[in-house]
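What follows is a single structure, written as structure tokens, with notes after it.
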Amino acid sequence: VRYHIAIGFSRVTLFFDAPEDPEEEAAVQVVQDFFRPDSGAARGVEVELELCSQNWWDAECRESRFHRRRGQADPVYRELVDLHERVRDVQARQCLVVDRAIRSAHRDGFDWLLHIDADEALLLPQQPDARRFFAEVDDSFDQVLFRNFEAVPERFDVDDWFREVTLFKVHQALLQEDPKEGAEMSAKRIEQLEKWRARKIAKGSDPDDLKDNRTINTLMFGIRMTRREAAFGLNLTLPPIDSQSEF
């Protein structure tokens, strides 16, 4: 929170998904103590806490655009709300709280909103001031996509990943494909990939995120096989594979 305040954000809103959980209660207390009005820690920046209790969700259901539009022909609203209500899907809940943040930002006249997880930070190597960075975005753009560099801990006892982790996984979209990589792919596999891409794009995915990179696939093959061996060792009883499934 302090880092994003330092690079120029004028409001930070924290959504706590399980505010009754003892660990989240402790985190809420830390934020409240550190950013209390008389501490001066936020230096005029707004720090908001949204405690997503059942009462919070009940109130949000009356205001959420997804709930209001769940009866429309476009299934995206209904499917997302159903995922939230039936299985408490994490990504569905994130979409709903982001919708809440967007409505609040629009109401209060903000031009830009950044959505990140608690273990993420916005890195702008060539522009340390986030306000200037977004001000320089051409008016023809209404969205900026930041690629993830996922931290890869090299030991188990990491207390602060922001300070201690130095190894990162580069996003696939930023890696070039080796022209020497074999291009052989069966017609069935190509057809499956195209159907999968079409479904993901219809649900709002960025087409650039769905490009196939054979070099990455080759590198990841060994990792996936190792993971599969570990998964088999768990002796889980799983449902049969759906040939039409994205997964």
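By order of appearance in the structure tokens: chains A, B, ..., then residues from 1 within every chain, and ligands from 1 in the order shown.
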- Task: Within 12 Å of A:Phe162, counting only C-alpha atoms, which residues show up once you throw out same-chain ones fewer than 5 positions away? Write them as a ChimeraX atom specification, please.
- Result: /A:3,118-123,150-153,167-168
Go ahead and write the residues just picked, N, CA, C and O atoms, as a PDB file, in the first residue's frame.
```pdb
ATOM      1  N   TYR A   3       3.895   1.543  -1.043  1.00  0.00           N
ATOM      2  CA  TYR A   3       4.607   1.661  -2.309  1.00  0.00           C
ATOM      3  C   TYR A   3       3.736   2.355  -3.345  1.00  0.00           C
ATOM      4  O   TYR A   3       4.196   3.266  -4.048  1.00  0.00           O
ATOM      5  N   ALA A 118      -3.068  -8.746  -3.753  1.00  0.00           N
ATOM      6  CA  ALA A 118      -2.300  -8.244  -2.614  1.00  0.00           C
ATOM      7  C   ALA A 118      -0.815  -8.563  -2.725  1.00  0.00           C
ATOM      8  O   ALA A 118       0.017  -7.892  -2.100  1.00  0.00           O
ATOM      9  N   ASP A 119      -0.472  -9.588  -3.519  1.00  0.00           N
ATOM     10  CA  ASP A 119       0.943  -9.954  -3.665  1.00  0.00           C
ATOM     11  C   ASP A 119       1.535  -9.406  -4.958  1.00  0.00           C
ATOM     12  O   ASP A 119       2.551  -9.914  -5.439  1.00  0.00           O
ATOM     13  N   GLU A 120       0.923  -8.376  -5.524  1.00  0.00           N
ATOM     14  CA  GLU A 120       1.404  -7.780  -6.765  1.00  0.00           C
ATOM     15  C   GLU A 120       1.705  -6.300  -6.571  1.00  0.00           C
ATOM     16  O   GLU A 120       1.145  -5.653  -5.678  1.00  0.00           O
ATOM     17  N   ALA A 121       2.569  -5.781  -7.426  1.00  0.00           N
ATOM     18  CA  ALA A 121       2.896  -4.357  -7.408  1.00  0.00           C
ATOM     19  C   ALA A 121       3.078  -3.889  -8.844  1.00  0.00           C
ATOM     20  O   ALA A 121       3.551  -4.641  -9.700  1.00  0.00           O
ATOM     21  N   LEU A 122       2.692  -2.653  -9.121  1.00  0.00           N
ATOM     22  CA  LEU A 122       2.851  -2.073 -10.450  1.00  0.00           C
ATOM     23  C   LEU A 122       4.278  -1.555 -10.596  1.00  0.00           C
ATOM     24  O   LEU A 122       4.711  -0.699  -9.825  1.00  0.00           O
ATOM     25  N   LEU A 123       4.982  -2.059 -11.597  1.00  0.00           N
ATOM     26  CA  LEU A 123       6.365  -1.641 -11.844  1.00  0.00           C
ATOM     27  C   LEU A 123       6.417  -0.853 -13.149  1.00  0.00           C
ATOM     28  O   LEU A 123       6.058  -1.352 -14.209  1.00  0.00           O
ATOM     29  N   GLU A 150       5.795 -13.300 -12.763  1.00  0.00           N
ATOM     30  CA  GLU A 150       5.495 -14.049 -11.548  1.00  0.00           C
ATOM     31  C   GLU A 150       6.777 -14.378 -10.784  1.00  0.00           C
ATOM     32  O   GLU A 150       7.742 -14.902 -11.344  1.00  0.00           O
ATOM     33  N   ALA A 151       6.745 -14.083  -9.495  1.00  0.00           N
ATOM     34  CA  ALA A 151       7.896 -14.378  -8.644  1.00  0.00           C
ATOM     35  C   ALA A 151       8.041 -15.888  -8.469  1.00  0.00           C
ATOM     36  O   ALA A 151       7.056 -16.606  -8.312  1.00  0.00           O
ATOM     37  N   VAL A 152       9.296 -16.355  -8.490  1.00  0.00           N
ATOM     38  CA  VAL A 152       9.587 -17.778  -8.310  1.00  0.00           C
ATOM     39  C   VAL A 152      10.496 -17.918  -7.090  1.00  0.00           C
ATOM     40  O   VAL A 152      11.717 -17.747  -7.197  1.00  0.00           O
ATOM     41  N   PRO A 153       9.932 -18.199  -5.910  1.00  0.00           N
ATOM     42  CA  PRO A 153      10.777 -18.354  -4.713  1.00  0.00           C
ATOM     43  C   PRO A 153      11.740 -19.519  -4.878  1.00  0.00           C
ATOM     44  O   PRO A 153      11.389 -20.571  -5.391  1.00  0.00           O
ATOM     45  N   LEU A 167      14.047 -14.007  -8.593  1.00  0.00           N
ATOM     46  CA  LEU A 167      13.857 -14.778  -9.818  1.00  0.00           C
ATOM     47  C   LEU A 167      12.400 -14.660 -10.260  1.00  0.00           C
ATOM     48  O   LEU A 167      11.489 -14.825  -9.442  1.00  0.00           O
ATOM     49  N   PHE A 168      12.189 -14.355 -11.548  1.00  0.00           N
ATOM     50  CA  PHE A 168      10.832 -14.139 -12.041  1.00  0.00           C
ATOM     51  C   PHE A 168      10.591 -14.904 -13.338  1.00  0.00           C
ATOM     52  O   PHE A 168      11.502 -15.086 -14.155  1.00  0.00           O
TER      53      PHE A 168
END
```
- Task: Name the residues in contact with A:Cys95 at a cut-off of 12 Å, using only C-alpha atoms, excluding same-chain residues fewer than 6 positions from it; report them as a PyMOL selection string.
- Result: chain A and resi 15+64-67+76-77+79-81+83-84+88-89+101-102+115-116
So which bits of stretch 17-239 of chain A end up strand (DSSP E or B) when you DSSP the backbone, as a PDB file with C-alpha atoms, in the first residue's frame?
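Final output, part-v6.pdb:
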```pdb
ATOM      1  CA  GLU A  46      -7.495   7.864   0.627  1.00  0.00           C
ATOM      2  CA  VAL A  47      -7.105   4.324   1.972  1.00  0.00           C
ATOM      3  CA  GLU A  48     -10.435   2.497   1.932  1.00  0.00           C
ATOM      4  CA  LEU A  49     -11.309  -0.879   3.438  1.00  0.00           C
ATOM      5  CA  GLU A  50     -14.111  -3.003   2.001  1.00  0.00           C
ATOM      6  CA  LEU A  51     -14.964  -5.865   4.363  1.00  0.00           C
ATOM      7  CA  GLU A 150       5.495 -14.049 -11.548  1.00  0.00           C
ATOM      8  CA  ALA A 151       7.896 -14.378  -8.644  1.00  0.00           C
ATOM      9  CA  PHE A 168      10.832 -14.139 -12.041  1.00  0.00           C
ATOM     10  CA  LYS A 169       8.946 -16.007 -14.734  1.00  0.00           C
TER      11      LYS A 169
END
```
(Q) Give me, as a PyMOL selection string, all polymer residues having an atom no more than 9 Å from A:Ile216, counting only C-alpha atoms and skipping those fewer than 6 positions away in the same chain. (A) chain A and resi 172+175+177
- [ ] Can you work out the spacing between atom CA of A:Asp117 and atom CA of A:Leu14 in Å, to one decimal?
- [x]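 Spanning atom CA of A:Asp117 to atom CA of A:Leu14 is a straight-line distance of 9.5 Å.
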Q) Any idea what's packed within 9 Å of A:Gln176, counting only C-alpha atoms, ignoring anything in its chain fewer than 3 positions away? Could you give it as a list in words? A)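 Close residues of A:Gln176: Gln172, Ala173, Pro179, Asn213 and Thr215 of chain A.
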| message | If DSSP is run on the backbone, what residues of stretch 152-222 of chain A are helix (DSSP H, G or I)? A reply as a count of residues only would be ideal. | response | 36
task: Would you mind listing what lies within 12 Å of A:Asp209 as a list of chain:residue names, with only C-alpha atoms counted and same-chain residues fewer than 3 positions away left out?
output: A:Leu145, A:Phe146, A:Arg147, A:Asn148, A:His171, A:Gln172, A:Ala173, A:Leu174, A:Leu175, A:Arg197, A:Lys200, A:Ile201, A:Gly204, A:Ser205, A:Asp206, A:Asp212, A:Asn213
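Atom to atom, atom CA of A:Arg62 and atom CA of A:Arg103 stand 13.3 Å apart.
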Pairwise distance, atom CA of A:Asp17 with atom CA of A:Cys52, equals 5.2 Å
